[in-house]
Amino acid sequence: MSFDNPYQAPQTDAAIQAEFADGGLWQSGKLLVMRKDAQLPPRCIKSNEPTDRRLKRNLVWHHPAVYLALLANLLIYAILALCLQKKATIHIGLTDAWFWKRRRAILIGWGSVFLSIGLFIVAAIGLDSNDSFGWLMLIAAIWFLVGIIYGLMASRMVTATRIDDTYVWLKGVNREFLADLPYWPN
């Protein structure tokens, strides 16, 4: 008679654990921790399905306290952010479905930007004949900003929550992908 403890922490398959034991990849809660020089396995980082498609990501991060410089001046913030930023380049695996979701978000973002510029021009031309075109210009400006923000946010596959000289912490990774990794020892 075998006894299964329902309160026991989930165990990862020993073969998968051995694959990543020295690969420089760990899980820390909902985050993926990896060495800057580590190679991710040939699996989609969003769906955990096998894939051969890779997407190069140049990640940049700075400490959140640097945002306090925005209270003083945008130029001071920009200088501090450039001086204090940490960088990492990783290659993430994406299935065709996730690649096209990302591509579609980029196209929707750019399409919104170009259409809002066209709408703004039409509204500016029509402003001489009717004052209601001012509202159309405002709608075009808001649509422009929404298009940019949507394109940037929806096309982002992973986000760096921290980067130091050796390691990168990533948010947005599939839970099943993380479940196969050993726990971060620190």
# chains A, B, ... in the order shown; residues from 1 in each chain; ligands from 1
call {"tool": "select_by_dssp", "arguments": {"residues": "segment 4-112 of chain A", "states": "helix (DSSP H, G or I)", "output": "MDAnalysis selection string"}}
result
chainID A and resid 14:20 64:71 74:84 96:112
call {"tool": "write_last_selection", "arguments": {"atoms": "C-alpha atoms", "output": "PDB file, in the first residue's frame"}}
result
ATOM      1  CA  ALA A  14      14.321  13.647 -12.070  1.00  0.00           C
ATOM      2  CA  ALA A  15      15.275  13.573 -15.774  1.00  0.00           C
ATOM      3  CA  ILE A  16      14.121  17.143 -16.266  1.00  0.00           C
ATOM      4  CA  GLN A  17      15.855  18.246 -13.055  1.00  0.00           C
ATOM      5  CA  ALA A  18      19.095  16.675 -14.286  1.00  0.00           C
ATOM      6  CA  GLU A  19      18.753  18.518 -17.611  1.00  0.00           C
ATOM      7  CA  PHE A  20      18.720  21.894 -15.850  1.00  0.00           C
ATOM      8  CA  PRO A  64      12.902  51.338  -9.591  1.00  0.00           C
ATOM      9  CA  ALA A  65      14.189  54.126  -7.316  1.00  0.00           C
ATOM     10  CA  VAL A  66      15.572  55.825 -10.436  1.00  0.00           C
ATOM     11  CA  TYR A  67      11.960  56.702 -11.335  1.00  0.00           C
ATOM     12  CA  LEU A  68      12.009  59.180  -8.440  1.00  0.00           C
ATOM     13  CA  ALA A  69      14.223  61.365 -10.637  1.00  0.00           C
ATOM     14  CA  LEU A  70      11.128  61.986 -12.790  1.00  0.00           C
ATOM     15  CA  LEU A  71       9.876  64.199  -9.964  1.00  0.00           C
ATOM     16  CA  LEU A  74      12.819  64.189 -17.295  1.00  0.00           C
ATOM     17  CA  LEU A  75      16.374  64.901 -18.473  1.00  0.00           C
ATOM     18  CA  ILE A  76      17.840  63.971 -15.074  1.00  0.00           C
ATOM     19  CA  TYR A  77      15.854  60.717 -15.137  1.00  0.00           C
ATOM     20  CA  ALA A  78      17.073  59.900 -18.664  1.00  0.00           C
ATOM     21  CA  ILE A  79      20.710  60.485 -17.708  1.00  0.00           C
ATOM     22  CA  LEU A  80      20.424  58.432 -14.514  1.00  0.00           C
ATOM     23  CA  ALA A  81      18.583  55.602 -16.280  1.00  0.00           C
ATOM     24  CA  LEU A  82      21.232  55.430 -19.009  1.00  0.00           C
ATOM     25  CA  CYS A  83      24.090  55.460 -16.507  1.00  0.00           C
ATOM     26  CA  LEU A  84      22.604  52.967 -14.045  1.00  0.00           C
ATOM     27  CA  ASP A  96       4.343  29.714 -34.130  1.00  0.00           C
ATOM     28  CA  ALA A  97       1.107  30.592 -32.322  1.00  0.00           C
ATOM     29  CA  TRP A  98       2.855  32.881 -29.841  1.00  0.00           C
ATOM     30  CA  PHE A  99       5.091  34.336 -32.550  1.00  0.00           C
ATOM     31  CA  TRP A 100       2.011  35.336 -34.562  1.00  0.00           C
ATOM     32  CA  LYS A 101       0.228  36.698 -31.472  1.00  0.00           C
ATOM     33  CA  ARG A 102       3.225  38.950 -30.957  1.00  0.00           C
ATOM     34  CA  ARG A 103       3.355  39.897 -34.633  1.00  0.00           C
ATOM     35  CA  ARG A 104      -0.390  40.688 -34.638  1.00  0.00           C
ATOM     36  CA  ALA A 105      -0.006  42.958 -31.587  1.00  0.00           C
ATOM     37  CA  ILE A 106       2.813  44.838 -33.321  1.00  0.00           C
ATOM     38  CA  LEU A 107       0.735  45.230 -36.499  1.00  0.00           C
ATOM     39  CA  ILE A 108      -2.309  46.450 -34.551  1.00  0.00           C
ATOM     40  CA  GLY A 109      -0.132  48.940 -32.694  1.00  0.00           C
ATOM     41  CA  TRP A 110       1.473  50.330 -35.862  1.00  0.00           C
ATOM     42  CA  GLY A 111      -1.859  50.311 -37.704  1.00  0.00           C
ATOM     43  CA  SER A 112      -3.445  52.331 -34.906  1.00  0.00           C
TER      44      SER A 112
END
call {"tool": "residues_around", "arguments": {"residues": "Lys56 of chain A", "least_positions_apart": "2", "cutoff": "12 Å", "atoms": "only C-alpha atoms", "output": "ChimeraX atom specification"}}
result
/A:39-40,53-54,58-59,88-94,156-158
call {"tool": "residues_around", "arguments": {"residues": "Tyr167 of chain A", "least_positions_apart": "5", "cutoff": "10 Å", "atoms": "only C-alpha atoms", "output": "PyMOL selection string"}}
result
chain A and resi 24-25+33-38+88+162
call {"tool": "write_last_selection", "arguments": {"atoms": "C-alpha atoms", "output": "mmCIF file, in the first residue's frame"}}
result
data_model
loop_
_atom_site.group_PDB
_atom_site.id
_atom_site.type_symbol
_atom_site.label_atom_id
_atom_site.label_comp_id
_atom_site.auth_asym_id
_atom_site.auth_seq_id
_atom_site.Cartn_x
_atom_site.Cartn_y
_atom_site.Cartn_z
ATOM 1 C CA GLY A 24 21.969 28.209 -15.027
ATOM 2 C CA LEU A 25 18.145 28.232 -14.921
ATOM 3 C CA VAL A 33 16.122 33.267 -12.769
ATOM 4 C CA MET A 34 18.900 32.625 -15.251
ATOM 5 C CA ARG A 35 22.567 33.355 -15.715
ATOM 6 C CA LYS A 36 23.190 35.930 -18.409
ATOM 7 C CA ASP A 37 25.086 33.372 -20.486
ATOM 8 C CA ALA A 38 22.580 30.520 -19.971
ATOM 9 C CA ALA A 88 21.193 41.296 -20.895
ATOM 10 C CA ARG A 162 15.883 42.610 -12.137
#
call {"tool": "atom_distance", "arguments": {"atom1": "atom CA of Lys86 of chain A", "atom2": "atom CA of Thr51 of chain A"}}
result
28.8 Å
call {"tool": "atom_distance", "arguments": {"atom1": "atom CA of Lys30 of chain A", "atom2": "atom CA of Gly151 of chain A"}}
result
24.3 Å
call {"tool": "atom_distance", "arguments": {"atom1": "atom CA of Asn174 of chain A", "atom2": "atom CA of Ile45 of chain A"}}
result
6.0 Å
call {"tool": "closest_residue", "arguments": {"among": "A:Gln27, A:Ser129, A:Gln85, A:Thr95", "to": "Val60 of chain A", "atoms": "only C-alpha atoms"}}
result
A:Gln85
call {"tool": "decode", "arguments": {"residues": "segment 109-130 of chain A", "atoms": "N, CA and C atoms", "output": "PDB file, in the first residue's frame"}}
result
ATOM      1  N   GLY A 109      -0.704  47.716 -33.251  1.00  0.00           N
ATOM      2  CA  GLY A 109      -0.132  48.940 -32.694  1.00  0.00           C
ATOM      3  C   GLY A 109       0.278  49.921 -33.774  1.00  0.00           C
ATOM      4  N   TRP A 110       1.043  49.445 -34.768  1.00  0.00           N
ATOM      5  CA  TRP A 110       1.473  50.330 -35.862  1.00  0.00           C
ATOM      6  C   TRP A 110       0.287  50.805 -36.693  1.00  0.00           C
ATOM      7  N   GLY A 111      -0.669  49.909 -36.950  1.00  0.00           N
ATOM      8  CA  GLY A 111      -1.859  50.311 -37.704  1.00  0.00           C
ATOM      9  C   GLY A 111      -2.627  51.413 -36.993  1.00  0.00           C
ATOM     10  N   SER A 112      -2.766  51.293 -35.685  1.00  0.00           N
ATOM     11  CA  SER A 112      -3.445  52.331 -34.906  1.00  0.00           C
ATOM     12  C   SER A 112      -2.702  53.656 -34.980  1.00  0.00           C
ATOM     13  N   VAL A 113      -1.383  53.599 -34.926  1.00  0.00           N
ATOM     14  CA  VAL A 113      -0.582  54.830 -35.003  1.00  0.00           C
ATOM     15  C   VAL A 113      -0.793  55.512 -36.352  1.00  0.00           C
ATOM     16  N   PHE A 114      -0.675  54.755 -37.444  1.00  0.00           N
ATOM     17  CA  PHE A 114      -0.812  55.368 -38.773  1.00  0.00           C
ATOM     18  C   PHE A 114      -2.234  55.862 -39.037  1.00  0.00           C
ATOM     19  N   LEU A 115      -3.235  55.089 -38.620  1.00  0.00           N
ATOM     20  CA  LEU A 115      -4.614  55.533 -38.808  1.00  0.00           C
ATOM     21  C   LEU A 115      -4.921  56.782 -37.977  1.00  0.00           C
ATOM     22  N   SER A 116      -4.378  56.846 -36.772  1.00  0.00           N
ATOM     23  CA  SER A 116      -4.625  58.034 -35.950  1.00  0.00           C
ATOM     24  C   SER A 116      -3.933  59.263 -36.528  1.00  0.00           C
ATOM     25  N   ILE A 117      -2.765  59.083 -37.135  1.00  0.00           N
ATOM     26  CA  ILE A 117      -2.096  60.213 -37.796  1.00  0.00           C
ATOM     27  C   ILE A 117      -2.941  60.693 -38.972  1.00  0.00           C
ATOM     28  N   GLY A 118      -3.455  59.751 -39.759  1.00  0.00           N
ATOM     29  CA  GLY A 118      -4.333  60.125 -40.873  1.00  0.00           C
ATOM     30  C   GLY A 118      -5.584  60.837 -40.394  1.00  0.00           C
ATOM     31  N   LEU A 119      -6.187  60.337 -39.329  1.00  0.00           N
ATOM     32  CA  LEU A 119      -7.376  60.974 -38.765  1.00  0.00           C
ATOM     33  C   LEU A 119      -7.055  62.378 -38.256  1.00  0.00           C
ATOM     34  N   PHE A 120      -5.891  62.537 -37.652  1.00  0.00           N
ATOM     35  CA  PHE A 120      -5.475  63.850 -37.150  1.00  0.00           C
ATOM     36  C   PHE A 120      -5.317  64.842 -38.304  1.00  0.00           C
ATOM     37  N   ILE A 121      -4.713  64.384 -39.406  1.00  0.00           N
ATOM     38  CA  ILE A 121      -4.532  65.261 -40.575  1.00  0.00           C
ATOM     39  C   ILE A 121      -5.885  65.655 -41.163  1.00  0.00           C
ATOM     40  N   VAL A 122      -6.791  64.690 -41.309  1.00  0.00           N
ATOM     41  CA  VAL A 122      -8.133  64.990 -41.822  1.00  0.00           C
ATOM     42  C   VAL A 122      -8.839  65.985 -40.902  1.00  0.00           C
ATOM     43  N   ALA A 123      -8.716  65.787 -39.595  1.00  0.00           N
ATOM     44  CA  ALA A 123      -9.354  66.698 -38.642  1.00  0.00           C
ATOM     45  C   ALA A 123      -8.733  68.089 -38.707  1.00  0.00           C
ATOM     46  N   ALA A 124      -7.418  68.152 -38.897  1.00  0.00           N
ATOM     47  CA  ALA A 124      -6.753  69.461 -38.990  1.00  0.00           C
ATOM     48  C   ALA A 124      -7.185  70.203 -40.246  1.00  0.00           C
ATOM     49  N   ILE A 125      -7.359  69.485 -41.344  1.00  0.00           N
ATOM     50  CA  ILE A 125      -7.817  70.119 -42.589  1.00  0.00           C
ATOM     51  C   ILE A 125      -9.257  70.601 -42.433  1.00  0.00           C
ATOM     52  N   GLY A 126     -10.098  69.804 -41.795  1.00  0.00           N
ATOM     53  CA  GLY A 126     -11.502  70.160 -41.629  1.00  0.00           C
ATOM     54  C   GLY A 126     -11.761  71.154 -40.512  1.00  0.00           C
ATOM     55  N   LEU A 127     -10.750  71.468 -39.715  1.00  0.00           N
ATOM     56  CA  LEU A 127     -10.927  72.376 -38.582  1.00  0.00           C
ATOM     57  C   LEU A 127     -11.318  73.778 -39.022  1.00  0.00           C
ATOM     58  N   ASP A 128     -10.885  74.186 -40.217  1.00  0.00           N
ATOM     59  CA  ASP A 128     -11.226  75.522 -40.711  1.00  0.00           C
ATOM     60  C   ASP A 128     -12.724  75.664 -40.961  1.00  0.00           C
ATOM     61  N   SER A 129     -13.361  74.580 -41.395  1.00  0.00           N
ATOM     62  CA  SER A 129     -14.774  74.675 -41.763  1.00  0.00           C
ATOM     63  C   SER A 129     -15.732  74.381 -40.603  1.00  0.00           C
ATOM     64  N   ASN A 130     -15.277  73.643 -39.598  1.00  0.00           N
ATOM     65  CA  ASN A 130     -16.193  73.243 -38.534  1.00  0.00           C
ATOM     66  C   ASN A 130     -15.401  73.038 -37.243  1.00  0.00           C
TER      67      ASN A 130
END
